[in-house]
>>> print(open('protein_5.pdb').read())   # PDB, C-alpha atoms
ATOM      1  CA  PRO A   1       0.705  -4.132 -23.879
ATOM      2  CA  PRO A   2       0.040  -3.582 -20.181
ATOM      3  CA  LEU A   3       1.709  -5.924 -17.719
ATOM      4  CA  LEU A   4      -0.690  -8.063 -15.667
ATOM      5  CA  VAL A   5       0.498  -8.350 -12.073
ATOM      6  CA  SER A   6      -1.183 -11.504 -10.874
ATOM      7  CA  GLN A   7       1.451 -14.234 -10.927
ATOM      8  CA  ARG A   8       2.281 -15.359  -7.407
ATOM      9  CA  ARG A   9       5.524 -16.895  -8.613
ATOM     10  CA  ILE A  10       6.880 -13.572  -9.907
ATOM     11  CA  LEU A  11       6.073 -11.848  -6.616
ATOM     12  CA  ARG A  12       7.584 -14.708  -4.647
ATOM     13  CA  ASP A  13      10.796 -14.602  -6.665
ATOM     14  CA  LEU A  14      11.063 -10.838  -6.240
ATOM     15  CA  LEU A  15      10.661 -11.025  -2.478
ATOM     16  CA  LEU A  16      13.071 -13.938  -2.178
ATOM     17  CA  ALA A  17      15.675 -11.990  -4.114
ATOM     18  CA  ALA A  18      15.052  -8.900  -2.008
ATOM     19  CA  SER A  19      15.434 -10.870   1.219
ATOM     20  CA  ARG A  20      19.011 -11.745   0.264
ATOM     21  CA  GLY A  21      19.876  -8.075   0.492
ATOM     22  CA  PRO A  22      20.589  -5.432  -2.170
ATOM     23  CA  GLU A  23      24.029  -4.610  -3.516
ATOM     24  CA  THR A  24      23.300  -0.972  -2.662
ATOM     25  CA  GLU A  25      20.649   0.439  -0.351
ATOM     26  CA  PRO A  26      17.620   1.389  -2.487
ATOM     27  CA  PRO A  27      15.629   4.524  -1.677
ATOM     28  CA  PRO A  28      12.407   3.928   0.298
ATOM     29  CA  VAL A  29       9.251   3.103  -1.639
ATOM     30  CA  ALA A  30       7.364   6.164  -0.391
ATOM     31  CA  SER A  31      10.096   8.658  -1.285
ATOM     32  CA  THR A  32      10.563   7.086  -4.730
ATOM     33  CA  ILE A  33       6.843   7.425  -5.499
ATOM     34  CA  VAL A  34       6.826  11.016  -4.236
ATOM     35  CA  ASP A  35       9.912  11.917  -6.301
ATOM     36  CA  ARG A  36       8.267  10.488  -9.431
ATOM     37  CA  ALA A  37       5.106  12.448  -8.677
ATOM     38  CA  ARG A  38       6.950  15.736  -8.299
ATOM     39  CA  SER A  39       8.971  15.231 -11.463
ATOM     40  CA  CYS A  40       5.851  14.544 -13.543
ATOM     41  CA  PRO A  41       2.740  15.529 -11.534
ATOM     42  CA  GLU A  42       0.284  15.350 -14.448
ATOM     43  CA  ALA A  43       1.131  11.745 -15.339
ATOM     44  CA  PRO A  44      -1.551   9.182 -14.389
ATOM     45  CA  ALA A  45      -0.841   7.138 -11.249
ATOM     46  CA  VAL A  46      -4.047   5.077 -10.929
ATOM     47  CA  ARG A  47      -6.675   4.610 -13.615
ATOM     48  CA  GLU A  48     -10.108   3.105 -12.841
ATOM     49  CA  ASP A  49     -12.407   3.089 -15.849
ATOM     50  CA  GLU A  50     -12.995   6.811 -16.469
ATOM     51  CA  ARG A  51     -11.457   7.930 -13.180
ATOM     52  CA  VAL A  52      -7.792   8.966 -13.273
ATOM     53  CA  LEU A  53      -5.711   9.905 -10.237
ATOM     54  CA  THR A  54      -2.590  11.801 -11.281
ATOM     55  CA  ARG A  55       0.768  11.419  -9.584
ATOM     56  CA  GLY A  56       0.535  14.963  -8.247
ATOM     57  CA  ALA A  57      -2.912  14.346  -6.774
ATOM     58  CA  LEU A  58      -1.699  11.094  -5.212
ATOM     59  CA  ASP A  59       1.262  12.931  -3.674
ATOM     60  CA  ASP A  60      -0.965  15.606  -2.110
ATOM     61  CA  TRP A  61      -3.682  13.187  -0.975
ATOM     62  CA  SER A  62      -1.300  10.697   0.621
ATOM     63  CA  ALA A  63       0.634  13.524   2.319
ATOM     64  CA  ARG A  64      -2.578  14.788   3.926
ATOM     65  CA  ILE A  65      -3.480  11.271   5.042
ATOM     66  CA  ALA A  66       0.006  10.872   6.531
ATOM     67  CA  ALA A  67      -0.413  14.149   8.443
ATOM     68  CA  ALA A  68      -3.580  12.762  10.057
ATOM     69  CA  LEU A  69      -1.910   9.542  11.223
ATOM     70  CA  PRO A  70       0.325   8.640  14.178
ATOM     71  CA  ARG A  71       4.013   8.816  13.292
ATOM     72  CA  SER A  72       4.636   5.165  14.160
ATOM     73  CA  GLY A  73       2.712   2.071  15.163
ATOM     74  CA  ARG A  74       0.316   0.050  13.026
ATOM     75  CA  GLY A  75      -2.204   1.453  10.585
ATOM     76  CA  VAL A  76      -5.011  -0.724   9.242
ATOM     77  CA  VAL A  77      -6.440   0.264   5.847
ATOM     78  CA  ARG A  78      -9.916  -0.791   4.666
ATOM     79  CA  THR A  79     -10.868   1.056   1.495
ATOM     80  CA  PRO A  80     -11.995   0.372  -2.074
ATOM     81  CA  ALA A  81      -9.325  -1.278  -4.190
ATOM     82  CA  GLY A  82      -8.068   1.529  -6.424
ATOM     83  CA  ALA A  83      -7.184   5.161  -5.795
ATOM     84  CA  GLU A  84      -8.269   5.135  -2.136
ATOM     85  CA  LEU A  85      -6.127   2.083  -1.406
ATOM     86  CA  ALA A  86      -3.092   3.613  -3.125
ATOM     87  CA  ALA A  87      -3.446   6.925  -1.271
ATOM     88  CA  ALA A  88      -4.147   5.332   2.111
ATOM     89  CA  GLY A  89      -1.348   2.765   1.857
ATOM     90  CA  LEU A  90       1.166   5.350   0.694
ATOM     91  CA  GLY A  91       0.000   7.714   3.433
ATOM     92  CA  VAL A  92       0.638   5.109   6.136
ATOM     93  CA  LEU A  93       4.155   4.502   4.800
ATOM     94  CA  ARG A  94       4.838   8.252   4.648
ATOM     95  CA  ALA A  95       3.798   8.484   8.299
ATOM     96  CA  GLY A  96       6.401   5.838   9.163
ATOM     97  CA  ALA A  97       3.805   3.320  10.344
ATOM     98  CA  LEU A  98       3.296  -0.351   9.532
ATOM     99  CA  CYS A  99       0.497  -0.766   6.983
ATOM    100  CA  ALA A 100      -1.976  -3.658   7.023
ATOM    101  CA  ALA A 101      -4.660  -3.633   4.304
ATOM    102  CA  VAL A 102      -7.675  -5.802   5.105
ATOM    103  CA  ASP A 103     -10.700  -7.207   3.274
ATOM    104  CA  GLY A 104     -14.056  -8.277   4.669
ATOM    105  CA  GLY A 105     -16.992  -6.631   6.349
ATOM    106  CA  ALA A 106     -17.378  -4.426   9.378
ATOM    107  CA  ASP A 107     -16.658  -7.247  11.840
ATOM    108  CA  ARG A 108     -13.316  -7.986  10.171
ATOM    109  CA  ALA A 109     -12.418  -4.287  10.189
ATOM    110  CA  ARG A 110     -13.231  -3.975  13.905
ATOM    111  CA  GLU A 111     -11.189  -7.087  14.670
ATOM    112  CA  ALA A 112      -8.190  -5.681  12.782
ATOM    113  CA  ALA A 113      -8.618  -2.232  14.355
ATOM    114  CA  ASP A 114      -8.434  -3.771  17.834
ATOM    115  CA  GLN A 115      -4.790  -4.574  17.065
ATOM    116  CA  ALA A 116      -4.007  -1.230  15.420
ATOM    117  CA  ASP A 117      -3.170   2.321  16.407
ATOM    118  CA  VAL A 118      -5.397   3.814  13.699
ATOM    119  CA  LEU A 119      -7.885   2.683  11.061
ATOM    120  CA  GLY A 120      -7.982   4.347   7.654
ATOM    121  CA  THR A 121     -11.228   3.950   5.736
ATOM    122  CA  THR A 122     -13.810   5.883   3.725
ATOM    123  CA  GLN A 123     -16.725   7.869   5.117
ATOM    124  CA  GLU A 124     -19.215   5.379   3.680
ATOM    125  CA  ARG A 125     -17.487   2.420   5.320
ATOM    126  CA  ARG A 126     -16.944   4.342   8.566
ATOM    127  CA  ALA A 127     -20.709   4.738   8.934
ATOM    128  CA  LEU A 128     -21.076   0.937   9.088
ATOM    129  CA  LEU A 129     -18.400   0.300  11.706
ATOM    130  CA  GLY A 130     -19.900   1.520  14.949
ATOM    131  CA  ASP A 131     -17.089   1.613  17.516
ATOM    132  CA  PRO A 132     -14.027   0.138  15.754
ATOM    133  CA  GLY A 133     -11.819   0.134  18.864
ATOM    134  CA  ALA A 134      -9.201   2.494  17.390
ATOM    135  CA  PRO A 135      -9.055   6.091  16.146
ATOM    136  CA  VAL A 136     -10.439   6.429  12.605
ATOM    137  CA  VAL A 137      -9.184   8.595   9.736
ATOM    138  CA  CYS A 138     -11.554   8.930   6.776
ATOM    139  CA  VAL A 139      -9.263   9.159   3.777
ATOM    140  CA  ASP A 140     -11.967  10.862   1.703
ATOM    141  CA  GLY A 141     -12.925  13.299   4.466
ATOM    142  CA  GLU A 142     -11.432  16.551   5.718
ATOM    143  CA  LEU A 143      -7.687  16.100   6.191
ATOM    144  CA  PRO A 144      -4.964  18.359   7.633
ATOM    145  CA  ALA A 145      -2.311  20.148   5.616
ATOM    146  CA  PRO A 146       0.673  18.017   4.577
ATOM    147  CA  ALA A 147       3.612  17.707   6.965
ATOM    148  CA  ALA A 148       7.147  16.420   6.539
ATOM    149  CA  ASP A 149       7.374  12.686   5.875
ATOM    150  CA  SER A 150       8.858  10.338   8.448
ATOM    151  CA  ALA A 151      12.137   8.578   7.680
ATOM    152  CA  PRO A 152      11.739   4.994   8.935
ATOM    153  CA  ALA A 153      14.773   2.775   9.397
ATOM    154  CA  PRO A 154      15.366   0.323   6.504
ATOM    155  CA  ASP A 155      14.863  -2.669   8.804
ATOM    156  CA  SER A 156      11.624  -1.374  10.343
ATOM    157  CA  ALA A 157       8.343  -3.074   9.397
ATOM    158  CA  ALA A 158       6.527  -1.529   6.419
ATOM    159  CA  LEU A 159       3.815  -3.840   5.141
ATOM    160  CA  VAL A 160       1.823  -6.894   6.216
ATOM    161  CA  VAL A 161       1.319  -9.410   3.392
ATOM    162  CA  ARG A 162      -0.518 -12.671   3.896
ATOM    163  CA  THR A 163       0.147 -15.870   1.986
ATOM    164  CA  SER A 164      -2.570 -17.016  -0.408
ATOM    165  CA  GLY A 165      -3.767 -19.947   1.707
ATOM    166  CA  VAL A 166      -3.965 -22.259  -1.324
ATOM    167  CA  ARG A 167      -1.693 -24.949   0.098
ATOM    168  CA  GLU A 168      -1.884 -24.118   3.806
ATOM    169  CA  ALA A 169      -3.595 -21.741   6.191
ATOM    170  CA  PRO A 170      -2.835 -18.092   5.332
ATOM    171  CA  ARG A 171       0.089 -16.637   7.256
ATOM    172  CA  ALA A 172       1.003 -13.006   7.768
ATOM    173  CA  HIS A 173       4.493 -11.869   6.789
ATOM    174  CA  LEU A 174       6.050  -8.558   7.760
ATOM    175  CA  LEU A 175       8.024  -6.886   4.971
ATOM    176  CA  ASP A 176      10.544  -4.343   6.196
ATOM    177  CA  HIS A 177      11.246  -1.173   4.225
ATOM    178  CA  ARG A 178      14.492  -2.547   2.761
ATOM    179  CA  THR A 179      12.881  -5.746   1.437
ATOM    180  CA  LEU A 180       9.847  -3.911   0.057
ATOM    181  CA  SER A 181      12.001  -1.303  -1.637
ATOM    182  CA  THR A 182      14.457  -3.803  -3.097
ATOM    183  CA  ALA A 183      11.644  -5.905  -4.579
ATOM    184  CA  ALA A 184       9.841  -2.863  -5.972
ATOM    185  CA  HIS A 185      12.945  -1.404  -7.636
ATOM    186  CA  ARG A 186      13.576  -4.640  -9.532
ATOM    187  CA  LEU A 187      10.375  -4.396 -11.563
ATOM    188  CA  PRO A 188      10.665  -3.038 -15.130
ATOM    189  CA  GLY A 189       9.731   0.623 -15.438
ATOM    190  CA  GLY A 190       7.299   2.441 -17.697
ATOM    191  CA  GLY A 191       4.004   1.491 -19.260
ATOM    192  CA  GLU A 192       0.863   0.444 -17.409
ATOM    193  CA  VAL A 193       0.209  -2.388 -14.972
ATOM    194  CA  LEU A 194      -3.155  -4.151 -14.866
ATOM    195  CA  LEU A 195      -4.098  -5.177 -11.350
ATOM    196  CA  SER A 196      -6.087  -8.359 -10.845
ATOM    197  CA  GLY A 197      -9.396  -7.786  -9.065
ATOM    198  CA  ASP A 198      -9.466 -11.198  -7.398
ATOM    199  CA  ARG A 199      -6.486 -10.547  -5.131
ATOM    200  CA  SER A 200      -6.671  -9.756  -1.434
ATOM    201  CA  ALA A 201      -6.357  -6.160  -0.229
ATOM    202  CA  ASP A 202      -2.800  -6.625   1.040
ATOM    203  CA  ARG A 203      -1.688  -8.125  -2.292
ATOM    204  CA  ARG A 204      -3.454  -5.364  -4.248
ATOM    205  CA  LEU A 205      -1.675  -2.744  -2.164
ATOM    206  CA  LEU A 206       1.677  -4.443  -2.719
ATOM    207  CA  ASP A 207       0.964  -4.517  -6.477
ATOM    208  CA  LEU A 208      -0.008  -0.821  -6.453
ATOM    209  CA  LEU A 209       3.088   0.276  -4.552
ATOM    210  CA  THR A 210       5.512  -1.705  -6.700
ATOM    211  CA  ALA A 211       3.841  -0.459  -9.906
ATOM    212  CA  LEU A 212       4.049   3.156  -8.712
ATOM    213  CA  VAL A 213       7.745   2.727  -7.899
ATOM    214  CA  ALA A 214       8.343   1.339 -11.380
ATOM    215  CA  GLY A 215       6.598   4.363 -12.849
TER     216      GLY A 215
END
>>> encode(input="protein_5.pdb", output="structure tokens")
Amino acid sequence: PPLLVSQRRILRDLLLAASRGPETEPPPVASTIVDRARSCPEAPAVREDERVLTRGALDDWSARIAAALPRSGRGVVRTPAGAELAAAGLGVLRAGALCAAVDGGADRAREAADQADVLGTTQERRALLGDPGAPVVCVDGELPAPAADSAPAPDSAALVVRTSGVREAPRAHLLDHRTLSTAAHRLPGGGEVLLSGDRSADRRLLDLLTALVAG
């Protein structure tokens, strides 16, 4: 049966183990996902009801998003939860930038964009933003041809993940590429992963990336 990724304890234990350091340096999350895509491009990567995004399509889409982004800095992602989030988040990592996925309305997106170098969103959501305070890339719009991926240092920041806020005020944590990759490579491979719809955007993106690494 599919694995349901919704248990905070499992994620916490994975990240705690990763923070102690791997025995060997794992390959980056982005390159692992791309390698899996190119070895089996027709395999499904993200399934939403009747919509299926293949690994090959995810590879091409995220590469084009990466080509439209700055090659460093902070990228804020505000997209629907499934295929767009996977492609946008992976694209930011392939560009070598720090990725912060956000929920909320237009005001929250503008607030986050004020602290970012670029905002990735959809054309529908872009129309509601007005002036977001940062350059905008529409992930479902016209995108440039793919370019070579960046190769960020293992200790450089990769992902912003906020605590749940159940026991205390939510806090943002920066996961570097080494920690993210180590945690992701410790998940069991194969099969399908069901993603919980009640999780925040940053947690959904983390779930998507780790599931794609696991294959």
>>> atom_distance(input="protein_5.pdb", atom1="CA of Leu53 in chain A", atom2="CA of Ala157 in chain A")
27.4 Å
>>> residues_around(input="protein_5.pdb", residues="Leu85 in chain A", least_positions_apart="5", cutoff="12 Å", atoms="all atoms listed in the file", output="ChimeraX atom specification")
/A:46,53,58,61-62,65,76-80,90-92,99-103,120-122,138-140,200-209
>>> atom_distance(input="protein_5.pdb", atom1="CA of Pro152 in chain A", atom2="CA of Glu192 in chain A")
28.9 Å
>>> resolve_selection(input="protein_5.pdb", expression="the PyMOL selection byres ((chain A and resi 135) around 12)", output="MDAnalysis selection string")
chainID A and resid 68:70 74:76 110 113:121 126 129:134 136:138
>>> resolve_selection(input="protein_5.pdb", expression="the PyMOL selection byres ((chain A and resi 29-45) around 9)", output="JSON, numbers by chain")
{"A": [26, 27, 28, 46, 47, 52, 53, 54, 55, 56, 57, 58, 59, 83, 90, 91, 93, 94, 149, 177, 178, 180, 181, 182, 184, 185, 209, 210, 212, 213, 214, 215]}
>>> atom_distance(input="protein_5.pdb", atom1="CA of Glu124 in chain A", atom2="CA of Glu142 in chain A")
13.8 Å
>>> axis_aligned_box(input="protein_5.pdb", around="range 64-69 of chain A", padding_each_side="8 Å", output="lines of an AutoDock Vina configuration file")
center_x = -1.8
center_y = 12.2
center_z = 7.6
size_x = 19.6
size_y = 21.2
size_z = 23.3
>>> resolve_selection(input="protein_5.pdb", expression="the PyMOL selection byres ((chain A and resi 174) around 7)", output="list of chain:residue names")
A:Ala157, A:Leu159, A:Val160, A:Val161, A:Ala172, A:His173, A:Leu175, A:Asp176
>>> closest_residue(input="protein_5.pdb", among="A:Ala148, A:Ala158, A:Ala169, A:Ala211", to="Gly96 in chain A", atoms="only C-alpha atoms")
A:Ala158
>>> closest_residue(input="protein_5.pdb", among="A:Ala153, A:Leu128, A:Ala183, A:Ala86", to="Ala106 in chain A", atoms="all atoms listed in the file")
A:Leu128
>>> closest_residue(input="protein_5.pdb", among="A:Glu111, A:Pro144, A:Thr179, A:Ala63", to="Gly89 in chain A", atoms="all atoms listed in the file")
A:Ala63
>>> closest_residue(input="protein_5.pdb", among="A:Glu25, A:Ala95, A:Leu143, A:Arg108", to="Ala66 in chain A", atoms="all atoms listed in the file")
A:Ala95
>>> build_atoms(input="protein_5.pdb", residues="range 138-149 of chain A", atoms="all heavy atoms", output="short mmCIF file (atom, residue, chain, number, x, y, z; two decimals), in the coordinates of the input")
data_model
loop_
_atom_site.label_atom_id
_atom_site.label_comp_id
_atom_site.auth_asym_id
_atom_site.auth_seq_id
_atom_site.Cartn_x
_atom_site.Cartn_y
_atom_site.Cartn_z
N CYS A 138 -10.84 9.12 8.04
CA CYS A 138 -11.55 8.93 6.78
C CYS A 138 -10.71 9.54 5.66
O CYS A 138 -10.53 10.76 5.61
CB CYS A 138 -12.93 9.58 6.83
SG CYS A 138 -14.08 8.73 7.93
N VAL A 139 -10.21 8.69 4.78
CA VAL A 139 -9.26 9.16 3.78
C VAL A 139 -9.93 10.05 2.74
O VAL A 139 -9.23 10.79 2.03
CB VAL A 139 -8.56 7.97 3.10
CG1 VAL A 139 -7.80 7.15 4.13
CG2 VAL A 139 -9.54 7.09 2.33
N ASP A 140 -11.25 9.99 2.63
CA ASP A 140 -11.97 10.86 1.70
C ASP A 140 -12.68 11.99 2.43
O ASP A 140 -13.56 12.65 1.86
CB ASP A 140 -12.97 10.06 0.86
CG ASP A 140 -13.97 9.29 1.73
OD1 ASP A 140 -13.75 9.19 2.95
OD2 ASP A 140 -14.97 8.81 1.17
N GLY A 141 -12.33 12.22 3.67
CA GLY A 141 -12.92 13.30 4.47
C GLY A 141 -12.00 14.49 4.56
O GLY A 141 -11.04 14.63 3.80
N GLU A 142 -12.27 15.37 5.51
CA GLU A 142 -11.43 16.55 5.72
C GLU A 142 -10.11 16.12 6.34
O GLU A 142 -10.09 15.43 7.37
CB GLU A 142 -12.14 17.55 6.62
CG GLU A 142 -11.40 18.86 6.79
CD GLU A 142 -12.18 19.88 7.58
OE1 GLU A 142 -13.39 19.66 7.81
OE2 GLU A 142 -11.59 20.91 7.97
N LEU A 143 -9.01 16.52 5.75
CA LEU A 143 -7.69 16.10 6.19
C LEU A 143 -6.82 17.33 6.45
O LEU A 143 -7.02 18.38 5.84
CB LEU A 143 -7.02 15.21 5.13
CG LEU A 143 -7.71 13.88 4.83
CD1 LEU A 143 -7.16 13.27 3.55
CD2 LEU A 143 -7.53 12.92 6.00
N PRO A 144 -5.84 17.21 7.34
CA PRO A 144 -4.96 18.36 7.63
C PRO A 144 -4.01 18.66 6.49
O PRO A 144 -3.87 17.88 5.53
CB PRO A 144 -4.20 17.89 8.88
CG PRO A 144 -4.20 16.41 8.79
CD PRO A 144 -5.51 16.04 8.15
N ALA A 145 -3.33 19.79 6.61
CA ALA A 145 -2.31 20.15 5.62
C ALA A 145 -1.14 19.17 5.68
O ALA A 145 -0.86 18.59 6.74
CB ALA A 145 -1.82 21.57 5.88
N PRO A 146 -0.46 18.95 4.57
CA PRO A 146 0.67 18.02 4.58
C PRO A 146 1.76 18.45 5.54
O PRO A 146 1.97 19.64 5.81
CB PRO A 146 1.18 18.07 3.13
CG PRO A 146 0.00 18.53 2.33
CD PRO A 146 -0.74 19.48 3.22
N ALA A 147 2.47 17.47 6.09
CA ALA A 147 3.61 17.71 6.96
C ALA A 147 4.80 16.93 6.41
O ALA A 147 4.67 16.17 5.44
CB ALA A 147 3.30 17.25 8.40
N ALA A 148 5.95 17.13 7.00
CA ALA A 148 7.15 16.42 6.54
C ALA A 148 6.97 14.92 6.73
O ALA A 148 6.43 14.46 7.74
CB ALA A 148 8.37 16.91 7.30
N ASP A 149 7.46 14.13 5.76
CA ASP A 149 7.37 12.69 5.88
C ASP A 149 8.32 12.17 6.95
O ASP A 149 9.35 12.78 7.25
CB ASP A 149 7.75 12.02 4.54
CG ASP A 149 6.69 12.22 3.47
OD1 ASP A 149 5.62 12.76 3.79
OD2 ASP A 149 6.95 11.83 2.32
#
